[in-house]
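Encoded as structure tokens, the structure appears first; notes follow it.
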Amino acid sequence: MKKLLLLPIMTTILVLVTGCSNTSSKNSNTELTEKKYAEVVKNLKKELSSINDVSWDFKKSNSITNADISKGVMIEVFPKSEKDNSSLMDDYTNIDIGPNAKESQSKIKVLQQKVAKVARTLPNDNIEISLGFKSDQKTKGVIPIAESIKSMDAIPIH
């Protein structure tokens with residue numbers, strides 16, 4: 001008789017425990033704690049500090065869905081000053097043409113490698129680092145030249 005009473009209780013406990021564990025894994029997949037975000041920004045600043053005195057802004061956006069992440073976190077990195085923003089935009093637009101094409105390609109590649117290196121330390125693939133320049137058109141936001149998640153580079157490194 002005691003065995004028959006224990007069976008429904010054990011089943012209920014099992015269902016509750018399983019439900020709780022599924023919820024916590026979903027949250028850890030889409031959230032970036034403030035501590036981890038601060039660590040990522042610190043690593044990005046360290047990696048990008050060697051780039052000719054450019055100061056960078058960092059913006060964290062939640063619940064972003066694009067080709068690489070689903071309701072994930074996007075960390076956008078872009079130059080603080082208009083001068084540095086224009087310089088990065090010029091490098092991007094001159095990557096295939098012009099007398100400085102090789103130099104522009106080299107600068108972009110270095111930025112892509114630095115973003116990829118930091119992205120490998122992210123907790124999961126639902127967090128993306130996107131480095132770029134601010135578009136002249138406010139509605140377009142940041143135009144990425146380097147994008148990476150933990151396991152891949154969304155913009156291939158050339």
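Each chain of the structure tokens is named A, B, ... in the order shown, its residues numbered from 1; ligands are numbered from 1 in display order.
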
- Message: Please extract the residues of region 36-158 of chain A with a backbone DSSP assignment of alpha helix (DSSP H) and present them as a PyMOL selection string.
- Response: chain A and resi 36-48+82-93+101-119

May I have the selected residues written with N, CA and C atoms, as a CSV table (one decimal), in the first residue's frame?
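The resulting file, part-v6.csv, is reproduced below:
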chain,number,residue,atom,x,y,z
A,36,LYS,N,29.8,39.0,-16.8
A,36,LYS,CA,30.4,38.5,-18.0
A,36,LYS,C,30.5,39.6,-19.1
A,37,TYR,N,29.5,40.4,-19.2
A,37,TYR,CA,29.5,41.5,-20.1
A,37,TYR,C,30.7,42.5,-19.8
A,38,ALA,N,30.9,42.8,-18.6
A,38,ALA,CA,32.0,43.7,-18.2
A,38,ALA,C,33.3,43.0,-18.6
A,39,GLU,N,33.4,41.7,-18.4
A,39,GLU,CA,34.6,40.9,-18.8
A,39,GLU,C,34.8,41.0,-20.3
A,40,VAL,N,33.8,40.8,-21.1
A,40,VAL,CA,33.9,40.9,-22.5
A,40,VAL,C,34.3,42.2,-23.0
A,41,VAL,N,33.7,43.3,-22.4
A,41,VAL,CA,34.1,44.7,-22.8
A,41,VAL,C,35.6,44.9,-22.4
A,42,LYS,N,36.0,44.5,-21.3
A,42,LYS,CA,37.4,44.6,-20.8
A,42,LYS,C,38.3,44.0,-21.8
A,43,ASN,N,38.0,42.7,-22.3
A,43,ASN,CA,38.8,42.0,-23.2
A,43,ASN,C,38.8,42.7,-24.6
A,44,LEU,N,37.7,43.2,-25.0
A,44,LEU,CA,37.6,44.0,-26.3
A,44,LEU,C,38.5,45.2,-26.2
A,45,LYS,N,38.4,46.0,-25.1
A,45,LYS,CA,39.2,47.2,-24.9
A,45,LYS,C,40.7,46.8,-25.0
A,46,LYS,N,41.0,45.7,-24.3
A,46,LYS,CA,42.4,45.3,-24.3
A,46,LYS,C,42.9,45.0,-25.8
A,47,GLU,N,42.1,44.2,-26.5
A,47,GLU,CA,42.4,43.8,-27.8
A,47,GLU,C,42.5,45.0,-28.8
A,48,LEU,N,41.6,45.9,-28.6
A,48,LEU,CA,41.4,47.0,-29.6
A,48,LEU,C,42.3,48.2,-29.2
A,82,GLU,N,33.6,61.1,-34.3
A,82,GLU,CA,33.2,61.1,-35.7
A,82,GLU,C,34.4,60.9,-36.7
A,83,LYS,N,35.5,61.4,-36.3
A,83,LYS,CA,36.7,61.3,-37.1
A,83,LYS,C,37.1,59.8,-37.3
A,84,ASP,N,37.1,59.1,-36.1
A,84,ASP,CA,37.5,57.7,-36.2
A,84,ASP,C,36.4,56.9,-36.9
A,85,ASN,N,35.2,57.3,-36.7
A,85,ASN,CA,34.1,56.6,-37.5
A,85,ASN,C,34.2,56.8,-39.0
A,86,SER,N,34.6,58.0,-39.4
A,86,SER,CA,34.8,58.3,-40.8
A,86,SER,C,36.0,57.5,-41.4
A,87,SER,N,37.0,57.4,-40.6
A,87,SER,CA,38.2,56.7,-41.0
A,87,SER,C,37.9,55.2,-41.2
A,88,LEU,N,37.1,54.6,-40.3
A,88,LEU,CA,36.8,53.2,-40.4
A,88,LEU,C,35.9,53.0,-41.6
A,89,MET,N,34.9,53.9,-41.8
A,89,MET,CA,34.1,53.8,-43.0
A,89,MET,C,34.9,53.9,-44.3
A,90,ASP,N,35.9,54.8,-44.3
A,90,ASP,CA,36.7,54.9,-45.5
A,90,ASP,C,37.5,53.6,-45.7
A,91,ASP,N,38.0,53.0,-44.7
A,91,ASP,CA,38.7,51.7,-44.8
A,91,ASP,C,37.8,50.7,-45.4
A,92,TYR,N,36.6,50.6,-44.9
A,92,TYR,CA,35.6,49.7,-45.4
A,92,TYR,C,35.2,49.9,-46.9
A,93,THR,N,35.0,51.1,-47.2
A,93,THR,CA,34.6,51.4,-48.6
A,93,THR,C,35.8,51.2,-49.6
A,101,ALA,N,44.0,50.1,-51.0
A,101,ALA,CA,43.1,48.9,-50.8
A,101,ALA,C,43.8,47.8,-49.9
A,102,LYS,N,45.1,47.6,-50.1
A,102,LYS,CA,45.8,46.6,-49.3
A,102,LYS,C,45.9,47.0,-47.9
A,103,GLU,N,46.2,48.2,-47.6
A,103,GLU,CA,46.2,48.8,-46.3
A,103,GLU,C,44.9,48.7,-45.6
A,104,SER,N,43.8,49.0,-46.3
A,104,SER,CA,42.4,48.9,-45.8
A,104,SER,C,42.1,47.5,-45.4
A,105,GLN,N,42.4,46.6,-46.3
A,105,GLN,CA,42.2,45.1,-46.1
A,105,GLN,C,42.9,44.6,-44.9
A,106,SER,N,44.1,45.1,-44.7
A,106,SER,CA,44.9,44.7,-43.5
A,106,SER,C,44.3,45.2,-42.2
A,107,LYS,N,43.8,46.4,-42.2
A,107,LYS,CA,43.2,47.0,-41.0
A,107,LYS,C,41.9,46.3,-40.7
A,108,ILE,N,41.1,46.0,-41.7
A,108,ILE,CA,39.8,45.3,-41.4
A,108,ILE,C,40.1,43.9,-40.9
A,109,LYS,N,41.1,43.2,-41.5
A,109,LYS,CA,41.4,41.8,-41.1
A,109,LYS,C,41.8,41.8,-39.6
A,110,VAL,N,42.7,42.8,-39.2
A,110,VAL,CA,43.1,42.8,-37.8
A,110,VAL,C,41.9,43.0,-36.9
A,111,LEU,N,41.0,43.9,-37.3
A,111,LEU,CA,39.8,44.1,-36.4
A,111,LEU,C,39.0,42.8,-36.4
A,112,GLN,N,38.8,42.1,-37.5
A,112,GLN,CA,38.0,40.9,-37.5
A,112,GLN,C,38.7,39.8,-36.6
A,113,GLN,N,40.0,39.7,-36.7
A,113,GLN,CA,40.7,38.7,-35.9
A,113,GLN,C,40.5,39.0,-34.4
A,114,LYS,N,40.6,40.3,-34.0
A,114,LYS,CA,40.5,40.7,-32.6
A,114,LYS,C,39.1,40.4,-32.1
A,115,VAL,N,38.1,40.7,-32.9
A,115,VAL,CA,36.7,40.4,-32.5
A,115,VAL,C,36.5,38.9,-32.4
A,116,ALA,N,37.0,38.1,-33.3
A,116,ALA,CA,36.9,36.7,-33.3
A,116,ALA,C,37.6,36.1,-32.0
A,117,LYS,N,38.7,36.6,-31.7
A,117,LYS,CA,39.4,36.1,-30.5
A,117,LYS,C,38.6,36.3,-29.2
A,118,VAL,N,38.0,37.5,-29.1
A,118,VAL,CA,37.2,37.7,-27.9
A,118,VAL,C,35.9,36.9,-27.9
A,119,ALA,N,35.3,36.8,-29.1
A,119,ALA,CA,34.1,36.0,-29.2
A,119,ALA,C,34.2,34.5,-28.8

- Nearby residues (only C-alpha atoms) at most 7 Å from region 50-61 of chain A, same-chain spacing under 4 positions excluded, as a PyMOL selection string: chain A and resi 73-80+84

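The space separating CA of Thr139 (chain A) from CA of Ser70 (chain A) comes to 21.4 Å.
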
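Using only C-alpha atoms, the smallest distance between any of A:Asn126, A:Val142, A:Ser81, A:Asp153 and Leu32 (chain A) comes from A:Asn126.
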
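Note that CA of Gly132 (chain A) and CA of Ser49 (chain A) are 15.6 Å apart.
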
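CA of Ala154 (chain A) sits 7.1 Å away from CA of Asp68 (chain A).
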